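Visitor: Quick one: this structure, given as structure tokens, is what I'll be asking you about.
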Amino acid sequence: MSKRIEVEDLTVYYGKFTAVEDVTLTIEPRTVTAFIGPSGCGKSTLLRTLNRMHEVIPGAYVEGSVRIDGDDLYAPGVDPVLVRRQVGMVFQRPNPFPTMSIRDNVLAGAKLNNTRMSKADADDLVERSLRSANLWNEVKDRLGRPGSGLSGGQQQRLCIARAIAVSPEVILMDEPCSALDPISTLAIEDLIEELKQQYTIVIVTHNIQQASRVSDRTAFFTIAGTGRPGTLIEYDDTVTMFSNPSVQATEDYVSGRFG
Amino acid sequence: MTDVTGPPNALTSGRLPRWATPVLLVVSWAVMLGVFVLMALAGGSDVAIAPALFLGTLLFVVTGFVLSLLVEGLRQAKDRLVTSLVVSAFLVALIPLISVLFTVVSNGRHRFDAAFFSNSMRNVVGEGGGALHAIMGTLEITGMAALISVPIGLLTAIYLVEYGRGPLARAITFFVDVMTGIPSIVAGLFAFAFFALVFADPGIRFGFGGSIALALLMIPVVVRSSEEMLKLVPNELREASYALGVPKWLTILKIVIPTSIAGITTGVTLAIARVIGETAPLLIIAGFTASMNYDLFQNRLMSLPVFVYTQYANPGADVAPYLERAWAAALTLILIVMLLNLIARLVARIFSPQLGR
Amino acid sequence: MRMTTAAASPKATLRPADRIFSGSTLLAGSLILVALAAVAIFLVAQSVPALTADPNELKGSPDSFWAYVGPLAFGSLWAAFLALVMALPLSYGIALFISHYAPRRLAQSLGYVVDLLAAVPSVVFGLWGIKVLAPAVTPLYGWLVENAGWFPLFSPPVSGTGRTILTVAIVLAVMIIPIITAVSREVFLQTPRLHEEAALALGATRWEMIRMAVIPFGRPGMISAAMLGLGRALGETMVVAMVLSPSPKLITIVLTGSQNPSTIAGNIALNFPEAHGIDVNGLIATGLILFAITLVINSVARVVINRRAAFSGAD
């Protein structure tokens, strides 16, 4: 249930503005890859191209290809809806649907394709997803309550459960802990460690230490100056990136000399 | 890069080509028109174009759904269906709009001449005459209504935003809400009831009563929109003024109101545009007359909307000139309302300061 | 070191100008309360004679005042209901079109176009209704009564002029579409992007996203919009007065017939100019009933909105 991602010569445009230029990298299945870099370098933009969410902004388009186990996401005739079923996303601010209960939130994505799920199957899916997200014990008595009544960390885990419930191949996380307190952050980081046994995970993070804790490989992006496109500087095993990076800019960033 | 002859991509579902929608629409219309033409030929009657287009659109929606269901799947089919429904809704709404505007312009232009704007209907039976008395009446009644409602409405809004806390403010807010729901004819009935009692005249009709009725309708609009505009002024501005030692009333007069004046003007203009076309209350309390009357406080006063109505409802033996005048007056009325709307939007666009929204 | 003795309780000095100004705003606000009280009092005062008088004196010699106003109230509610049934799906569709389907750059202009409908005064809609719409739908009514006359809504005899309650309802629907659309559009546009993106990221199509994120968020606003439209349709006078051919005592649901129920507002407009004596009181009393009906509807709408606030999307 996880696939390899191959990005080749990807350039991302917002209208006339080039946001990210010429990115090539490969992400192996069942690994956690972190995108790091200073603000505005395009790491979130790049993340969103992996499930074609950048298209939600009018005028955004890409050149290049992104292949998931050989299937190009940007081939003509590809349905973005299908892409997003395979590549799930967790956002920076937890966003459970406020008018739905916890149970309905988890089932929200799954119900789109499987409207006739028996109650037993549905309950089963809810429990499995919430257990995988380490949230089951905390909410099992109040599945009927609204999703917005939980704490920030719990809400984020609910969103993760919701993403898992549709059985994606890849999970993208856009700074998932930046709106959370340190305890919840730790809980999510532990969760990522467990999830990578089943899914390919790509996480964008501002927090260099988090990248070093959580990821197997790290990609460092930066921009040459304001208004210039973001580019990939270095992509290597996390251990190498943090102890012995090849590029000076990487060394400067991870040691906190800029950012 | 993508290779068209490469291995099949698991992410492509069946997709209808981009030209499918417009082609299907044209084909559906053609088919239906063909059917109706055949029916007309067989029955010897005219081709009913409107039903043909309507049924053709229906045919398009149904076949589009089925086609999409077969090629793309149920979810996409539903998505396309909703898209066509939503677009059709918009187009359907355009039909009456275009029809009304077209009708008013094409019928109203016959009497849209100098005589229309310089004569009243005094001693006019049949041809000729104009709506000068009605236009004057509308300007006077609405002007007076604005004169009453703008100060009251604006001051109330200031009270609610700057001063009011507690039960009185809550009561006022609640009742302003109630006021927005008053049907216009009820406002007219109230004005009549009030003045009939006060002047002990069961047949009372005069212009000022109409102004009172219109003011009753305008005040809640002015209060609501002014309230919104005043609330938009950031608190930091007020605090900066207080910190300079400026008293509260001066702060409001010199800082808060000027900052929001563009929005307030827009709101007032839109309120005027709303009531200037009201017929029912004026029919009740201002009555109708054929002559010029500049006095708001004496005797019946003609207004433009009531003129439209009476020309239609009480024609003479020869209906045509009356109808022509009615349409011309309708055209005048629409032009006035649209002009007011335009002014309101321009004021909002040009004069509102950037409040960092 | 000199200590200034403080006053017993320090108070801000209120200049006279402050008092005058705040006093005048308070006066204005209170004036509104007074005005509404006056409306209630004077309407009731002028209605009472009709309620207490011998019903035979009222126009048409009804058995009682309620027999007089009942069919009129039915007509108002029926016409408004028909108008709402036609206007709601169209308005919500248009609002969705402008907020989520139309190209961004066009969206505001399209909003203005729909708002143009609101700029047309009701008397002009009345003219259009009687001169354009009624003749246009007459053949349709003929076809309906001929082919579906067994259905209670279309039972014969058919109206030869098209001046039926259905025609009136169509015009009313056109008139209330801009209000419902404007309010719904605002609400749809305010759907938090976060929830829209959550739905899309789960692989939802555009319609599914709207169903999951936009509509649940906008439901209270949609209801309030519908109530606003309903209120407007109930109070609409001139269209009814000009388009409808009324039979005031009638209660019927036939849409295409030559005999149609009248509405409270239309009835007042048609009869007030020539009325005198107790008839005037009677008409005012029906106006009071209309006011009461619209009050009830607005209050219900407010309760509905407040009750949903707990489960709303407001973060």
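Ordered as shown in the structure tokens, chains take letters A, B, and onward, while each chain numbers its residues from 1 and ligands are numbered from 1 in the order shown.
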Using only C-alpha atoms, tabulate the residues of chain A lying at most 7 Å from any atom of chain C, each with its closest atom pair and that distance in Å to one decimal, by chain and increasing residue number, as a Markdown table.

Guide:
| residue | atom | partner | partner_atom | distance |
| --- | --- | --- | --- | --- |
| A:Met53 | CA | C:Ala201 | CA | 6.9 |
| A:Val81 | CA | C:Gly203 | CA | 4.6 |
| A:Leu82 | CA | C:Gly203 | CA | 6.4 |
| A:Arg84 | CA | C:Gly203 | CA | 4.5 |
| A:Arg85 | CA | C:Gly203 | CA | 4.8 |
| A:Gly88 | CA | C:Ala201 | CA | 6.2 |
| A:Met89 | CA | C:Ala201 | CA | 5.8 |
| A:Asn95 | CA | C:His195 | CA | 6.0 |
| A:Phe97 | CA | C:His195 | CA | 6.4 |
| A:Pro98 | CA | C:Gly313 | CA | 5.4 |
| A:Thr99 | CA | C:Phe311 | CA | 5.8 |
| A:Gly109 | CA | C:Leu202 | CA | 5.3 |
| A:Ala163 | CA | C:Leu202 | CA | 6.8 |

Visitor: Could the residues in this selection be written to a file with C-alpha atoms, as an mmCIF file, in the first residue's frame?

Guide:
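What follows is the written file selection-v9.cif:
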data_model
loop_
_atom_site.group_PDB
_atom_site.id
_atom_site.type_symbol
_atom_site.label_atom_id
_atom_site.label_comp_id
_atom_site.auth_asym_id
_atom_site.auth_seq_id
_atom_site.Cartn_x
_atom_site.Cartn_y
_atom_site.Cartn_z
ATOM 1 C CA MET A 53 -3.923 20.402 -5.229
ATOM 2 C CA VAL A 81 -9.919 13.319 -8.429
ATOM 3 C CA LEU A 82 -8.378 9.881 -8.899
ATOM 4 C CA ARG A 84 -6.147 12.630 -4.810
ATOM 5 C CA ARG A 85 -7.660 9.291 -3.832
ATOM 6 C CA GLY A 88 -3.823 11.997 0.636
ATOM 7 C CA MET A 89 -3.063 15.247 2.376
ATOM 8 C CA ASN A 95 -9.649 20.978 9.383
ATOM 9 C CA PHE A 97 -15.584 19.144 8.907
ATOM 10 C CA PRO A 98 -17.339 21.104 11.642
ATOM 11 C CA THR A 99 -20.855 20.017 10.827
ATOM 12 C CA GLY A 109 -13.577 10.411 2.062
ATOM 13 C CA ALA A 163 -6.846 10.593 5.158
#

Visitor: Might you pull out every residue within 10 Å of Thr265 (chain B), with only C-alpha atoms counted and same-chain residues fewer than 4 positions away left off, and present them as a ChimeraX atom specification?

Guide: /B:150,222,225-226,229,260-261,269-271,343-345,347-348,351

Visitor: Residues of chain A that approach chain B to 10 Å or less, counting only C-alpha atoms: could you list each one with the shortest pair of atoms and its distance in Å to one decimal, rows by chain and increasing residue number, as a tab-separated table?

Guide:
residue	atom	partner	partner_atom	distance
A:Glu8	CA	B:Met1	CA	8.3
A:Asp9	CA	B:Met1	CA	9.1
A:Glu63	CA	B:Met1	CA	9.3
A:Gly64	CA	B:Met1	CA	6.6
A:Ser65	CA	B:Met1	CA	6.2
A:Val66	CA	B:Met1	CA	9.4
A:Arg67	CA	B:Thr2	CA	9.9
A:Ile68	CA	B:Leu11	CA	9.5
A:Asp69	CA	B:Ala10	CA	9.7
A:Gly70	CA	B:Asn9	CA	8.1
A:Asp71	CA	B:Asn9	CA	5.2
A:Asp72	CA	B:Asn9	CA	7.1
A:Leu73	CA	B:Leu11	CA	7.1
A:Tyr74	CA	B:Thr2	CA	8.1
A:Ala75	CA	B:Thr2	CA	5.9
A:Pro76	CA	B:Thr2	CA	8.2
A:Gly77	CA	B:Thr12	CA	5.6
A:Val78	CA	B:Thr12	CA	4.3
A:Asp79	CA	B:Thr12	CA	5.9
A:Pro80	CA	B:Leu11	CA	8.4
A:Val81	CA	B:Leu11	CA	9.2
A:Leu82	CA	B:Leu11	CA	6.1
A:Val83	CA	B:Leu11	CA	6.5
A:Arg85	CA	B:Leu11	CA	10.0
A:Gln86	CA	B:Leu11	CA	9.2
A:Leu112	CA	B:Arg75	CA	8.2
A:Asn113	CA	B:Arg75	CA	8.0

Visitor: Go ahead and compute the interatomic distance for CA of Leu33 (chain B) and CA of Phe65 (chain B), in Å to one decimal.

Guide: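 A separation of 20.9 Å between them.
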
Visitor: Mind checking which residues fall within 9 Å of region 122-127 of chain A, counting only C-alpha atoms, ignoring those fewer than 6 positions away in the same chain, and posting them as a list in words?

Guide: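 Here the answer would be Arg103, Asp104, Val106, Leu107, Ala110, Lys111, Trp136, Lys140, Ala161, Arg162 and Ala165 of chain A.
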
Visitor: For the selection just defined, write its residues with N, CA and C atoms to a file, as a JSON list (two decimals), in the first residue's frame.

Guide:
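Result written to selection.json:
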[["chain", "number", "residue", "atom", "x", "y", "z"],
["A", 103, "ARG", "N", -17.20, 10.32, 13.71],
["A", 103, "ARG", "CA", -17.36, 9.14, 12.88],
["A", 103, "ARG", "C", -17.54, 9.52, 11.42],
["A", 104, "ASP", "N", -18.42, 10.51, 11.18],
["A", 104, "ASP", "CA", -18.67, 10.92, 9.81],
["A", 104, "ASP", "C", -17.46, 11.55, 9.18],
["A", 106, "VAL", "N", -14.31, 10.70, 9.74],
["A", 106, "VAL", "CA", -13.41, 9.64, 9.30],
["A", 106, "VAL", "C", -13.92, 9.02, 8.01],
["A", 107, "LEU", "N", -15.24, 8.86, 7.94],
["A", 107, "LEU", "CA", -15.81, 8.18, 6.78],
["A", 107, "LEU", "C", -15.98, 9.08, 5.56],
["A", 110, "ALA", "N", -14.05, 8.10, 2.49],
["A", 110, "ALA", "CA", -14.36, 6.73, 2.09],
["A", 110, "ALA", "C", -15.75, 6.64, 1.49],
["A", 111, "LYS", "N", -16.67, 7.43, 2.02],
["A", 111, "LYS", "CA", -18.06, 7.35, 1.56],
["A", 111, "LYS", "C", -18.22, 7.86, 0.15],
["A", 136, "TRP", "N", -8.04, 6.26, 18.70],
["A", 136, "TRP", "CA", -9.21, 5.46, 19.04],
["A", 136, "TRP", "C", -9.58, 5.53, 20.52],
["A", 140, "LYS", "N", -13.33, 6.87, 21.42],
["A", 140, "LYS", "CA", -14.24, 5.77, 21.08],
["A", 140, "LYS", "C", -15.60, 5.91, 21.75],
["A", 161, "ALA", "N", -6.58, 10.32, 10.42],
["A", 161, "ALA", "CA", -7.44, 9.13, 10.33],
["A", 161, "ALA", "C", -8.32, 9.21, 9.09],
["A", 162, "ARG", "N", -8.82, 10.42, 8.83],
["A", 162, "ARG", "CA", -9.68, 10.62, 7.67],
["A", 162, "ARG", "C", -8.92, 10.36, 6.38],
["A", 165, "ALA", "N", -8.33, 6.59, 5.96],
["A", 165, "ALA", "CA", -9.52, 5.77, 5.72],
["A", 165, "ALA", "C", -9.74, 5.47, 4.25]]

Visitor: Contacts of Pro89 (chain C) at 10 Å or less, counting only C-alpha atoms, minus same-chain residues fewer than 4 places along, as a list in words?

Guide: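 Counting only C-alpha atoms, the residues come to Leu85, Val86 and Ala89 of chain B; Leu84, Val85, Gly93, Ile94, Ala95 and Ile177 of chain C.
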
Visitor: Please dump the current selection as a PDB file, in the first residue's frame; keep N, CA, C and O atoms.

Guide:
ATOM      1  N   LEU B  85     -26.854  22.063 -14.439  1.00  0.00           N
ATOM      2  CA  LEU B  85     -28.002  22.647 -13.745  1.00  0.00           C
ATOM      3  C   LEU B  85     -27.687  24.052 -13.263  1.00  0.00           C
ATOM      4  O   LEU B  85     -28.492  24.978 -13.400  1.00  0.00           O
ATOM      5  N   VAL B  86     -26.494  24.188 -12.696  1.00  0.00           N
ATOM      6  CA  VAL B  86     -26.123  25.478 -12.128  1.00  0.00           C
ATOM      7  C   VAL B  86     -25.989  26.538 -13.215  1.00  0.00           C
ATOM      8  O   VAL B  86     -26.451  27.676 -13.064  1.00  0.00           O
ATOM      9  N   ALA B  89     -29.400  27.488 -14.394  1.00  0.00           N
ATOM     10  CA  ALA B  89     -30.094  28.366 -13.450  1.00  0.00           C
ATOM     11  C   ALA B  89     -29.750  29.810 -13.752  1.00  0.00           C
ATOM     12  O   ALA B  89     -30.614  30.683 -13.814  1.00  0.00           O
TER      13      ALA B  89
ATOM     14  N   LEU C  84     -41.735  30.779  -3.942  1.00  0.00           N
ATOM     15  CA  LEU C  84     -40.548  30.257  -3.273  1.00  0.00           C
ATOM     16  C   LEU C  84     -40.111  28.930  -3.895  1.00  0.00           C
ATOM     17  O   LEU C  84     -38.926  28.693  -4.105  1.00  0.00           O
ATOM     18  N   VAL C  85     -41.082  28.060  -4.194  1.00  0.00           N
ATOM     19  CA  VAL C  85     -40.757  26.768  -4.788  1.00  0.00           C
ATOM     20  C   VAL C  85     -40.001  26.957  -6.099  1.00  0.00           C
ATOM     21  O   VAL C  85     -39.060  26.236  -6.409  1.00  0.00           O
ATOM     22  N   GLY C  93     -28.862  27.779  -7.120  1.00  0.00           N
ATOM     23  CA  GLY C  93     -28.026  27.409  -8.255  1.00  0.00           C
ATOM     24  C   GLY C  93     -27.218  28.593  -8.756  1.00  0.00           C
ATOM     25  O   GLY C  93     -26.015  28.489  -9.010  1.00  0.00           O
ATOM     26  N   ILE C  94     -27.892  29.748  -8.889  1.00  0.00           N
ATOM     27  CA  ILE C  94     -27.179  30.929  -9.363  1.00  0.00           C
ATOM     28  C   ILE C  94     -26.098  31.330  -8.375  1.00  0.00           C
ATOM     29  O   ILE C  94     -24.967  31.650  -8.756  1.00  0.00           O
ATOM     30  N   ALA C  95     -26.416  31.285  -7.096  1.00  0.00           N
ATOM     31  CA  ALA C  95     -25.436  31.672  -6.084  1.00  0.00           C
ATOM     32  C   ALA C  95     -24.218  30.754  -6.154  1.00  0.00           C
ATOM     33  O   ALA C  95     -23.077  31.204  -6.093  1.00  0.00           O
ATOM     34  N   ILE C 177     -35.710  36.366  -6.581  1.00  0.00           N
ATOM     35  CA  ILE C 177     -34.449  35.687  -6.880  1.00  0.00           C
ATOM     36  C   ILE C 177     -33.234  36.539  -6.502  1.00  0.00           C
ATOM     37  O   ILE C 177     -32.308  36.024  -5.860  1.00  0.00           O
TER      38      ILE C 177
END

Visitor: Chain B residues within 7 Å of chain C, counting only C-alpha atoms: which ones, as a ChimeraX atom specification?

Guide: /B:79,82,86-87,89-90,97,100,152,155-156,158-159,172,175,181-186,189-190,193-194,248-249,277-280,284,305,309,330,334,337-338

Visitor: Pull C-alpha atoms from the residues just selected and write them as a PDB file, in the first residue's frame.

Guide:
ATOM      1  CA  ASP B  79     -20.712  16.380 -11.084  1.00  0.00           C
ATOM      2  CA  VAL B  82     -24.847  19.699 -11.289  1.00  0.00           C
ATOM      3  CA  VAL B  86     -26.123  25.478 -12.128  1.00  0.00           C
ATOM      4  CA  VAL B  87     -25.243  27.118 -15.440  1.00  0.00           C
ATOM      5  CA  ALA B  89     -30.094  28.366 -13.450  1.00  0.00           C
ATOM      6  CA  PHE B  90     -28.032  31.413 -14.230  1.00  0.00           C
ATOM      7  CA  LEU B  97     -34.208  40.274 -17.004  1.00  0.00           C
ATOM      8  CA  VAL B 100     -38.214  43.139 -18.959  1.00  0.00           C
ATOM      9  CA  ILE B 152     -32.511  59.139  12.454  1.00  0.00           C
ATOM     10  CA  LEU B 155     -27.715  58.560  14.668  1.00  0.00           C
ATOM     11  CA  THR B 156     -29.257  55.250  15.671  1.00  0.00           C
ATOM     12  CA  ILE B 158     -23.935  55.609  15.897  1.00  0.00           C
ATOM     13  CA  TYR B 159     -25.758  54.862  19.126  1.00  0.00           C
ATOM     14  CA  ILE B 172     -33.352  48.641  19.262  1.00  0.00           C
ATOM     15  CA  PHE B 175     -36.853  46.077  16.467  1.00  0.00           C
ATOM     16  CA  GLY B 181     -39.804  42.953   7.529  1.00  0.00           C
ATOM     17  CA  ILE B 182     -42.630  45.485   7.296  1.00  0.00           C
ATOM     18  CA  PRO B 183     -44.431  45.031   3.978  1.00  0.00           C
ATOM     19  CA  SER B 184     -44.513  48.345   2.145  1.00  0.00           C
ATOM     20  CA  ILE B 185     -48.279  48.440   1.995  1.00  0.00           C
ATOM     21  CA  VAL B 186     -48.480  48.104   5.752  1.00  0.00           C
ATOM     22  CA  LEU B 189     -51.603  51.844   5.942  1.00  0.00           C
ATOM     23  CA  PHE B 190     -49.881  53.012   9.101  1.00  0.00           C
ATOM     24  CA  ALA B 193     -54.108  55.401  10.033  1.00  0.00           C
ATOM     25  CA  PHE B 194     -51.920  57.854  11.901  1.00  0.00           C
ATOM     26  CA  LYS B 248     -15.762  61.125  22.136  1.00  0.00           C
ATOM     27  CA  TRP B 249     -18.313  63.146  20.229  1.00  0.00           C
ATOM     28  CA  GLY B 277     -39.967  52.611  -6.849  1.00  0.00           C
ATOM     29  CA  GLU B 278     -42.488  51.849  -4.125  1.00  0.00           C
ATOM     30  CA  THR B 279     -46.040  52.169  -5.291  1.00  0.00           C
ATOM     31  CA  ALA B 280     -48.330  50.665  -2.695  1.00  0.00           C
ATOM     32  CA  ILE B 284     -52.658  54.573  -0.081  1.00  0.00           C
ATOM     33  CA  PRO B 305     -44.711  54.620  -9.724  1.00  0.00           C
ATOM     34  CA  TYR B 309     -50.074  52.189 -12.225  1.00  0.00           C
ATOM     35  CA  ALA B 330     -41.637  52.858 -16.294  1.00  0.00           C
ATOM     36  CA  ILE B 334     -35.871  52.155 -14.131  1.00  0.00           C
ATOM     37  CA  VAL B 337     -33.071  53.463 -10.023  1.00  0.00           C
ATOM     38  CA  MET B 338     -30.174  52.169 -12.100  1.00  0.00           C
TER      39      MET B 338
END

Visitor: Can you measure CA of Val306 (chain B) to CA of Phe81 (chain C) for me? One decimal in Å is fine.

Guide: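 CA of Phe81 (chain C) lies 27.3 Å from CA of Val306 (chain B).
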
Visitor: Would you please give, as a ChimeraX atom specification, all residues of region 85-289 of chain C that DSSP assigns to alpha helix (DSSP H) based on the backbone?

Guide: /C:85-96,104-119,122-128,134-148,165-189,193-201,206-209,215-235,238-243,264-271,278-289

Visitor: Between CA of Ser247 (chain C) and CA of Ala326 (chain B), what is the distance in Å, rounded to a tenth?

Guide: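 Pair CA of Ser247 (chain C) / CA of Ala326 (chain B) returns 26.0 Å.
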
Visitor: Closest to Leu186 (chain A) among A:Val239, A:Ile102, A:Val214, A:Val204, using only C-alpha atoms?

Guide: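 Nearest candidate to Leu186 (chain A) out of A:Val239, A:Ile102, A:Val214, A:Val204: A:Val214.
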
Visitor: I'd like the neighbourhood of Leu189 (chain C) as a PyMOL selection string, where a residue qualifies if any of its atoms comes within 7 Å (using only C-alpha atoms), though same-chain residues fewer than 3 positions away should be ignored.

Guide: chain C and resi 99+185-186

Visitor: Pull N, CA, C and O atoms from the residues just selected and write them as a PDB file, in the first residue's frame.

Guide:
ATOM      1  N   SER C  99     -20.399  31.733  -7.049  1.00  0.00           N
ATOM      2  CA  SER C  99     -19.346  31.569  -6.047  1.00  0.00           C
ATOM      3  C   SER C  99     -18.361  30.480  -6.405  1.00  0.00           C
ATOM      4  O   SER C  99     -17.189  30.579  -6.078  1.00  0.00           O
ATOM      5  N   ARG C 185     -25.102  33.868  -1.912  1.00  0.00           N
ATOM      6  CA  ARG C 185     -23.792  34.048  -2.538  1.00  0.00           C
ATOM      7  C   ARG C 185     -22.765  34.474  -1.495  1.00  0.00           C
ATOM      8  O   ARG C 185     -21.665  33.932  -1.418  1.00  0.00           O
ATOM      9  N   GLU C 186     -23.144  35.446  -0.676  1.00  0.00           N
ATOM     10  CA  GLU C 186     -22.245  35.900   0.389  1.00  0.00           C
ATOM     11  C   GLU C 186     -21.807  34.742   1.262  1.00  0.00           C
ATOM     12  O   GLU C 186     -20.640  34.568   1.585  1.00  0.00           O
TER      13      GLU C 186
END

Visitor: Neighbouring residues of Thr45 (chain A) were defined as those with any atom within 12 Å, considering only C-alpha atoms; residues of the same chain fewer than 5 positions away were excluded. Please report them as a VMD selection string.

Guide: chain A and resid 10 to 14 18 to 21 23 35 39 to 40 50 to 57 60 to 62 172 174 204 221 229 to 231

Visitor: Mind writing the picked residues with N, CA and C atoms as a short mmCIF file (atom, residue, chain, number, x, y, z; two decimals), in the first residue's frame?

Guide:
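Result saved to again.cif:
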data_model
loop_
_atom_site.label_atom_id
_atom_site.label_comp_id
_atom_site.auth_asym_id
_atom_site.auth_seq_id
_atom_site.Cartn_x
_atom_site.Cartn_y
_atom_site.Cartn_z
N LEU A 10 10.41 19.05 -12.86
CA LEU A 10 9.14 19.69 -12.55
C LEU A 10 9.34 21.19 -12.33
N THR A 11 8.59 22.00 -13.07
CA THR A 11 8.57 23.44 -12.84
C THR A 11 7.14 23.86 -12.58
N VAL A 12 6.91 24.66 -11.56
CA VAL A 12 5.56 25.04 -11.16
C VAL A 12 5.35 26.52 -11.41
N TYR A 13 4.28 26.85 -12.10
CA TYR A 13 3.97 28.25 -12.41
C TYR A 13 2.67 28.68 -11.76
N TYR A 14 2.63 29.90 -11.25
CA TYR A 14 1.37 30.54 -10.89
C TYR A 14 1.17 31.66 -11.89
N THR A 18 7.12 32.00 -11.88
CA THR A 18 7.68 30.67 -11.67
C THR A 18 7.94 30.47 -10.19
N ALA A 19 7.24 29.51 -9.60
CA ALA A 19 7.37 29.33 -8.16
C ALA A 19 8.49 28.37 -7.81
N VAL A 20 8.57 27.29 -8.59
CA VAL A 20 9.58 26.27 -8.30
C VAL A 20 10.15 25.83 -9.65
N GLU A 21 11.47 25.63 -9.70
CA GLU A 21 12.07 25.36 -10.99
C GLU A 21 12.83 24.06 -11.02
N VAL A 23 12.76 20.59 -10.62
CA VAL A 23 13.02 19.69 -9.50
C VAL A 23 13.01 18.26 -10.00
N PHE A 35 10.76 17.89 3.29
CA PHE A 35 11.15 19.05 2.48
C PHE A 35 11.44 20.17 3.47
N SER A 39 11.28 30.25 4.42
CA SER A 39 9.92 30.60 3.98
C SER A 39 9.91 31.04 2.54
N GLY A 40 8.87 30.63 1.83
CA GLY A 40 8.70 31.14 0.48
C GLY A 40 9.55 30.45 -0.56
N LEU A 50 2.18 17.24 -5.86
CA LEU A 50 2.20 15.79 -5.78
C LEU A 50 0.80 15.19 -5.71
N ASN A 51 -0.20 16.01 -5.34
CA ASN A 51 -1.57 15.49 -5.46
C ASN A 51 -2.46 16.45 -6.25
N ARG A 52 -1.81 17.25 -7.07
CA ARG A 52 -2.53 18.16 -7.96
C ARG A 52 -3.47 19.09 -7.21
N MET A 53 -3.12 19.43 -5.98
CA MET A 53 -3.92 20.40 -5.23
C MET A 53 -3.55 21.83 -5.61
N HIS A 54 -2.38 22.01 -6.22
CA HIS A 54 -2.00 23.38 -6.58
C HIS A 54 -2.97 23.93 -7.61
N GLU A 55 -3.64 23.05 -8.38
CA GLU A 55 -4.54 23.50 -9.43
C GLU A 55 -5.76 24.20 -8.89
N VAL A 56 -6.02 24.03 -7.59
CA VAL A 56 -7.16 24.69 -6.98
C VAL A 56 -7.03 26.20 -7.11
N ILE A 57 -5.78 26.69 -7.15
CA ILE A 57 -5.55 28.11 -7.36
C ILE A 57 -5.61 28.38 -8.84
N ALA A 60 -2.68 28.18 -11.96
CA ALA A 60 -1.49 27.40 -11.61
C ALA A 60 -1.35 26.22 -12.56
N TYR A 61 -0.12 26.00 -13.03
CA TYR A 61 0.09 24.82 -13.86
C TYR A 61 1.54 24.37 -13.74
N VAL A 62 1.82 23.17 -14.25
CA VAL A 62 3.19 22.65 -14.14
C VAL A 62 3.70 22.21 -15.49
N LEU A 172 0.72 13.10 2.14
CA LEU A 172 1.48 14.35 2.16
C LEU A 172 1.09 15.13 3.40
N ASP A 174 1.57 18.90 5.14
CA ASP A 174 2.06 20.26 4.97
C ASP A 174 2.18 20.91 6.33
N VAL A 204 6.40 18.46 4.77
CA VAL A 204 7.04 19.77 4.69
C VAL A 204 7.14 20.29 6.11
N PHE A 221 15.46 22.99 -0.06
CA PHE A 221 15.13 23.93 -1.12
C PHE A 221 15.49 25.34 -0.67
N PRO A 229 12.53 31.86 -8.55
CA PRO A 229 11.90 30.58 -8.25
C PRO A 229 12.69 29.77 -7.23
N GLY A 230 11.99 28.86 -6.53
CA GLY A 230 12.67 27.97 -5.58
C GLY A 230 13.33 26.84 -6.34
N THR A 231 14.45 26.35 -5.84
CA THR A 231 15.13 25.22 -6.48
C THR A 231 15.59 24.22 -5.44
#

Visitor: Tell me which protein, DNA and RNA residues are within 7 Å of region 141-146 of chain C, counting only C-alpha atoms, leaving out same-chain ones fewer than 6 positions away, and put them as a list in words.

Guide: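 Everything that qualifies: Phe154, Ser155, Pro156, Val158 and Thr256 of chain C.
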
Visitor: Measuring atom to atom with only C-alpha atoms, identify which of B:Gly43, B:Thr21, B:Asn107, B:Ala262 is nearest to Leu81 (chain B).

Guide: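 Checking each of B:Gly43, B:Thr21, B:Asn107, B:Ala262 against Leu81 (chain B), counting only C-alpha atoms, the winner is B:Thr21.
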